[in-house]
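Peer 1: This structure is in structure tokens; I'll ask about it shortly.
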Amino acid sequence: MAANFTFDGAAARRIEQVYLTPDIVQQRRATRAMLGLKPGETVLDVGCGPGFLLAEIAAEVGGAGKLSGIDSSADMVALAHKRCAGFSTVDLQQANALALPFAAAAFNVVVSTQVYEYVADIAAALREAARVLRPGGRLLIVATDWESSVWNNSDDARMARVLEAWRDHGADSRLPRSLPKRLREAGLSLERVEVIPIINIEYDPNTYSYSMIAVMAKFAAGRQNFSSAELQAWADDLKTQGERGEYFFSVNRYAFIARK
């Protein structure tokens with residue numbers, strides 16, 4: 001896994017708040033619609049994070065289903081345990097996407113959202129996902145292309161430096177561009193690709209982009225020669241855009257369905 005950005009302690013709790021925003025709630029809804037889950041299916045969530053998607057899937061597949069979730073962060077697994085405590089069908093453990101602790105052909109479905117872009121050896125991770133899928137099983141990946149992001153601001157050069165710094169937070173900030181080929185190389189057949197755009201036109205605490213301002217500023221500190229004062233000026237500028245009615249943010253995420 002990439003080590004530039006860690007999801008432990010306070011960072012895990014900040015990300016949990018991001019997942020509560022309507023933007024990401026809608027993303028999970030779109031993800032479940034693409035999966036077309038059926039009662040009784042077995043599902044693995046690779047990089048389950050705080051467990052929001054797992055809990056929703058558990059309710060969808062019912063008591064006959066079986067769900068497993070893994071995450072490399074112990075803090076994320078702890079959050080997922082709390083969120084999925086009411087579902088006896090959910091098993092959670094700390095593990096790595098490069099060494100899934102499951103037998104071959106164990107699952108009907110493997111899903112992974114905003115995870116593989118943090119994995120340095122994506123080829124090995126996809127081979128592992130294919131290994132644990134049953135013949136005919138399906139893999140759904142949601143990944144962000146951060147170079148598709150648009151953020152209205154008054155200082156384009158500073159904005160570019162923030163995005164350049166943030167690009168280093170994972171292993172591949174534009175993973176969607178190479179996924180079709182990588183999926184084929186892992187022995188999977190790509191069936192469908194959809195774009196999941198996130199668009200915010202207000203400076204609102206209940207949006208994805210607002211939640212990410214603090215996360216990105218914290219990561220950018222010390223990178224691209226940023227001082228704390230300059231990063232605060234960047235954040236203040238975005239607030240000013242909102243006060244003027246000129247706030248705009250957009251980024252594209254892409255969902256891929258492949259079958260074994």
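In the structure tokens, chains take the letters A, B, ... in the order shown, each chain's residues start at 1, and ligands count up from 1 in the order shown.
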Neighbours of Pro205 of chain A within 12 Å (only C-alpha atoms; same-chain residues fewer than 2 positions away dropped), as a PyMOL selection string?
Peer 2: chain A and resi 17-18+20-23+200+202-203+207-214+239+242
Peer 1: Mind checking which residues fall within 8 Å of segment 186-195 of chain A, counting only C-alpha atoms, ignoring those fewer than 4 positions away in the same chain, and posting them as a VMD selection string?
Peer 2: chain A and resid 123 126 to 127 130 180 182 252 to 260
Peer 1: Next, write the just-selected residues to a file, as a tab-separated table (two decimals), in the first residue's frame, keeping all heavy atoms as the atom set.
Peer 2:
chain	number	residue	atom	x	y	z
A	123	ALA	N	-1.29	-4.16	-10.15
A	123	ALA	CA	-1.41	-5.43	-10.88
A	123	ALA	C	-1.59	-6.59	-9.90
A	123	ALA	O	-2.44	-7.46	-10.09
A	123	ALA	CB	-0.19	-5.66	-11.76
A	126	LEU	N	-5.11	-6.47	-8.28
A	126	LEU	CA	-6.18	-6.96	-9.15
A	126	LEU	C	-6.12	-8.47	-9.32
A	126	LEU	O	-7.17	-9.13	-9.40
A	126	LEU	CB	-6.09	-6.27	-10.51
A	126	LEU	CG	-6.41	-4.77	-10.52
A	126	LEU	CD1	-6.21	-4.19	-11.91
A	126	LEU	CD2	-7.83	-4.49	-10.01
A	127	ARG	N	-4.93	-9.03	-9.34
A	127	ARG	CA	-4.82	-10.49	-9.40
A	127	ARG	C	-5.41	-11.13	-8.15
A	127	ARG	O	-6.08	-12.17	-8.23
A	127	ARG	CB	-3.36	-10.92	-9.57
A	127	ARG	CG	-2.79	-10.66	-10.96
A	127	ARG	CD	-1.48	-11.42	-11.17
A	127	ARG	NE	-0.45	-11.04	-10.22
A	127	ARG	CZ	0.43	-10.06	-10.43
A	127	ARG	NH1	0.39	-9.35	-11.54
A	127	ARG	NH2	1.37	-9.79	-9.52
A	130	ALA	N	-9.18	-10.99	-8.43
A	130	ALA	CA	-9.64	-12.02	-9.37
A	130	ALA	C	-9.55	-13.42	-8.74
A	130	ALA	O	-10.42	-14.27	-8.97
A	130	ALA	CB	-8.82	-11.96	-10.65
A	180	PRO	N	-8.89	-0.07	-17.61
A	180	PRO	CA	-9.36	-1.05	-18.60
A	180	PRO	C	-8.29	-2.06	-19.00
A	180	PRO	O	-8.54	-3.28	-19.01
A	180	PRO	CB	-9.79	-0.17	-19.78
A	180	PRO	CG	-10.21	1.11	-19.14
A	180	PRO	CD	-9.23	1.31	-18.01
A	182	ARG	N	-5.50	-2.78	-17.31
A	182	ARG	CA	-5.06	-3.53	-16.13
A	182	ARG	C	-6.06	-4.64	-15.77
A	182	ARG	O	-5.66	-5.73	-15.36
A	182	ARG	CB	-4.87	-2.58	-14.95
A	182	ARG	CG	-3.69	-1.62	-15.11
A	182	ARG	CD	-3.63	-0.65	-13.93
A	182	ARG	NE	-2.56	0.32	-14.06
A	182	ARG	CZ	-1.30	0.12	-13.71
A	182	ARG	NH1	-0.93	-1.06	-13.23
A	182	ARG	NH2	-0.41	1.07	-13.84
A	252	ASN	N	-14.22	14.07	-11.06
A	252	ASN	CA	-14.84	12.86	-11.61
A	252	ASN	C	-14.29	11.59	-10.96
A	252	ASN	O	-13.08	11.43	-10.84
A	252	ASN	CB	-14.60	12.77	-13.12
A	252	ASN	CG	-15.43	13.77	-13.89
A	252	ASN	OD1	-16.44	14.26	-13.41
A	252	ASN	ND2	-14.99	14.07	-15.10
A	253	ARG	N	-15.22	10.74	-10.59
A	253	ARG	CA	-14.89	9.38	-10.19
A	253	ARG	C	-15.47	8.44	-11.23
A	253	ARG	O	-16.49	8.74	-11.86
A	253	ARG	CB	-15.44	9.07	-8.80
A	253	ARG	CG	-14.62	9.77	-7.72
A	253	ARG	CD	-15.13	9.55	-6.34
A	253	ARG	NE	-14.13	10.02	-5.39
A	253	ARG	CZ	-14.36	10.22	-4.10
A	253	ARG	NH1	-15.55	10.01	-3.59
A	253	ARG	NH2	-13.38	10.65	-3.32
A	254	TYR	N	-14.82	7.30	-11.40
A	254	TYR	CA	-15.23	6.36	-12.44
A	254	TYR	C	-15.46	5.00	-11.81
A	254	TYR	O	-14.65	4.51	-11.02
A	254	TYR	CB	-14.17	6.27	-13.54
A	254	TYR	CG	-13.97	7.60	-14.24
A	254	TYR	CD1	-13.07	8.53	-13.74
A	254	TYR	CD2	-14.70	7.92	-15.36
A	254	TYR	CE1	-12.89	9.75	-14.36
A	254	TYR	CE2	-14.53	9.15	-16.00
A	254	TYR	CZ	-13.63	10.06	-15.50
A	254	TYR	OH	-13.48	11.27	-16.11
A	255	ALA	N	-16.58	4.38	-12.19
A	255	ALA	CA	-16.93	3.05	-11.68
A	255	ALA	C	-16.78	2.03	-12.81
A	255	ALA	O	-17.34	2.21	-13.90
A	255	ALA	CB	-18.36	3.05	-11.15
A	256	PHE	N	-16.03	0.98	-12.52
A	256	PHE	CA	-15.77	-0.09	-13.50
A	256	PHE	C	-16.36	-1.39	-12.98
A	256	PHE	O	-16.12	-1.77	-11.83
A	256	PHE	CB	-14.26	-0.29	-13.67
A	256	PHE	CG	-13.53	0.92	-14.21
A	256	PHE	CD1	-13.21	2.00	-13.37
A	256	PHE	CD2	-13.13	0.97	-15.53
A	256	PHE	CE1	-12.54	3.09	-13.86
A	256	PHE	CE2	-12.44	2.06	-16.03
A	256	PHE	CZ	-12.14	3.14	-15.20
A	257	ILE	N	-17.13	-2.07	-13.83
A	257	ILE	CA	-17.62	-3.42	-13.52
A	257	ILE	C	-16.91	-4.39	-14.44
A	257	ILE	O	-16.96	-4.26	-15.68
A	257	ILE	CB	-19.14	-3.53	-13.72
A	257	ILE	CG1	-19.89	-2.87	-12.55
A	257	ILE	CG2	-19.55	-4.99	-13.82
A	257	ILE	CD1	-20.16	-3.79	-11.38
A	258	ALA	N	-16.23	-5.37	-13.85
A	258	ALA	CA	-15.56	-6.41	-14.63
A	258	ALA	C	-16.01	-7.77	-14.12
A	258	ALA	O	-16.39	-7.91	-12.95
A	258	ALA	CB	-14.05	-6.28	-14.52
A	259	ARG	N	-15.95	-8.76	-14.98
A	259	ARG	CA	-16.41	-10.10	-14.61
A	259	ARG	C	-15.30	-11.14	-14.85
A	259	ARG	O	-14.51	-11.01	-15.77
A	259	ARG	CB	-17.65	-10.47	-15.42
A	259	ARG	CG	-18.41	-11.68	-14.88
A	259	ARG	CD	-19.73	-11.86	-15.61
A	259	ARG	NE	-20.67	-10.79	-15.37
A	259	ARG	CZ	-21.55	-10.77	-14.37
A	259	ARG	NH1	-21.57	-11.78	-13.49
A	259	ARG	NH2	-22.38	-9.76	-14.24
A	260	LYS	N	-15.28	-12.13	-13.98
A	260	LYS	CA	-14.29	-13.21	-14.09
A	260	LYS	C	-14.79	-14.28	-15.04
A	260	LYS	O	-15.93	-14.71	-14.94
A	260	LYS	CB	-14.01	-13.82	-12.73
A	260	LYS	CG	-12.92	-14.89	-12.74
A	260	LYS	CD	-12.60	-15.34	-11.32
A	260	LYS	CE	-11.51	-16.40	-11.33
A	260	LYS	NZ	-11.17	-16.84	-9.96
Peer 1: My list of candidates is A:Leu183, A:Val43, A:Val90, A:Leu163. Which is closest to Ala124 of chain A when distances are computed with only C-alpha atoms?
Peer 2: A:Leu183
Peer 1: Using DSSP on the backbone, list every residue of segment 64-169 of chain A that comes out as strand (DSSP E), and give them as a ChimeraX atom specification.
Peer 2: /A:66-71,90-94,107-113,133-151
Peer 1: Could you pull the residues within 8 Å of Val46 of chain A, counting only C-alpha atoms, minus those fewer than 3 positions along the same chain, as a PDB file with all heavy atoms, in the first residue's frame?
Peer 2:
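Wrote it out as result24.pdb, contents follow:
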ATOM      1  N   GLY A  69     -15.199  -7.637   5.121  1.00  0.00           N
ATOM      2  CA  GLY A  69     -14.556  -6.366   4.860  1.00  0.00           C
ATOM      3  C   GLY A  69     -13.152  -6.373   5.399  1.00  0.00           C
ATOM      4  O   GLY A  69     -12.905  -6.872   6.503  1.00  0.00           O
ATOM      5  N   ILE A  70     -12.212  -5.838   4.614  1.00  0.00           N
ATOM      6  CA  ILE A  70     -10.836  -5.712   5.088  1.00  0.00           C
ATOM      7  C   ILE A  70     -10.383  -4.267   4.912  1.00  0.00           C
ATOM      8  O   ILE A  70     -10.845  -3.560   4.013  1.00  0.00           O
ATOM      9  CB  ILE A  70      -9.864  -6.678   4.365  1.00  0.00           C
ATOM     10  CG1 ILE A  70      -9.738  -6.331   2.870  1.00  0.00           C
ATOM     11  CG2 ILE A  70     -10.313  -8.122   4.538  1.00  0.00           C
ATOM     12  CD1 ILE A  70      -8.399  -5.764   2.476  1.00  0.00           C
ATOM     13  N   ASP A  71      -9.498  -3.853   5.771  1.00  0.00           N
ATOM     14  CA  ASP A  71      -8.870  -2.540   5.640  1.00  0.00           C
ATOM     15  C   ASP A  71      -7.495  -2.623   6.277  1.00  0.00           C
ATOM     16  O   ASP A  71      -7.302  -3.348   7.270  1.00  0.00           O
ATOM     17  CB  ASP A  71      -9.713  -1.450   6.308  1.00  0.00           C
ATOM     18  CG  ASP A  71      -9.410  -0.058   5.748  1.00  0.00           C
ATOM     19  OD1 ASP A  71      -8.342   0.504   6.082  1.00  0.00           O
ATOM     20  OD2 ASP A  71     -10.226   0.454   4.966  1.00  0.00           O
ATOM     21  N   ALA A  97      -4.716  -5.362   0.687  1.00  0.00           N
ATOM     22  CA  ALA A  97      -5.280  -5.689  -0.627  1.00  0.00           C
ATOM     23  C   ALA A  97      -4.361  -6.586  -1.441  1.00  0.00           C
ATOM     24  O   ALA A  97      -4.814  -7.249  -2.383  1.00  0.00           O
ATOM     25  CB  ALA A  97      -5.560  -4.405  -1.403  1.00  0.00           C
ATOM     26  N   VAL A 110     -16.677  -8.679  -5.496  1.00  0.00           N
ATOM     27  CA  VAL A 110     -15.651  -7.904  -4.803  1.00  0.00           C
ATOM     28  C   VAL A 110     -15.861  -6.442  -5.185  1.00  0.00           C
ATOM     29  O   VAL A 110     -16.021  -6.120  -6.368  1.00  0.00           O
ATOM     30  CB  VAL A 110     -14.224  -8.348  -5.189  1.00  0.00           C
ATOM     31  CG1 VAL A 110     -13.181  -7.430  -4.532  1.00  0.00           C
ATOM     32  CG2 VAL A 110     -13.985  -9.796  -4.780  1.00  0.00           C
ATOM     33  N   VAL A 111     -15.880  -5.574  -4.180  1.00  0.00           N
ATOM     34  CA  VAL A 111     -16.062  -4.150  -4.424  1.00  0.00           C
ATOM     35  C   VAL A 111     -14.949  -3.380  -3.731  1.00  0.00           C
ATOM     36  O   VAL A 111     -14.504  -3.761  -2.640  1.00  0.00           O
ATOM     37  CB  VAL A 111     -17.458  -3.673  -3.933  1.00  0.00           C
ATOM     38  CG1 VAL A 111     -17.640  -3.930  -2.451  1.00  0.00           C
ATOM     39  CG2 VAL A 111     -17.683  -2.201  -4.257  1.00  0.00           C
ATOM     40  N   SER A 112     -14.494  -2.323  -4.372  1.00  0.00           N
ATOM     41  CA  SER A 112     -13.429  -1.516  -3.784  1.00  0.00           C
ATOM     42  C   SER A 112     -13.602  -0.074  -4.256  1.00  0.00           C
ATOM     43  O   SER A 112     -13.561   0.195  -5.455  1.00  0.00           O
ATOM     44  CB  SER A 112     -12.051  -2.041  -4.194  1.00  0.00           C
ATOM     45  OG  SER A 112     -11.027  -1.371  -3.503  1.00  0.00           O
ATOM     46  N   THR A 113     -13.826   0.835  -3.321  1.00  0.00           N
ATOM     47  CA  THR A 113     -14.068   2.229  -3.678  1.00  0.00           C
ATOM     48  C   THR A 113     -12.985   3.121  -3.071  1.00  0.00           C
ATOM     49  O   THR A 113     -12.727   3.075  -1.878  1.00  0.00           O
ATOM     50  CB  THR A 113     -15.456   2.698  -3.188  1.00  0.00           C
ATOM     51  OG1 THR A 113     -15.520   2.633  -1.767  1.00  0.00           O
ATOM     52  CG2 THR A 113     -16.548   1.825  -3.785  1.00  0.00           C
ATOM     53  N   VAL A 115      -9.773   2.957  -3.201  1.00  0.00           N
ATOM     54  CA  VAL A 115      -8.753   2.171  -2.501  1.00  0.00           C
ATOM     55  C   VAL A 115      -7.558   1.882  -3.395  1.00  0.00           C
ATOM     56  O   VAL A 115      -6.412   2.138  -3.030  1.00  0.00           O
ATOM     57  CB  VAL A 115      -9.346   0.854  -1.954  1.00  0.00           C
ATOM     58  CG1 VAL A 115      -8.243  -0.039  -1.377  1.00  0.00           C
ATOM     59  CG2 VAL A 115     -10.405   1.140  -0.905  1.00  0.00           C
TER      60      VAL A 115
END
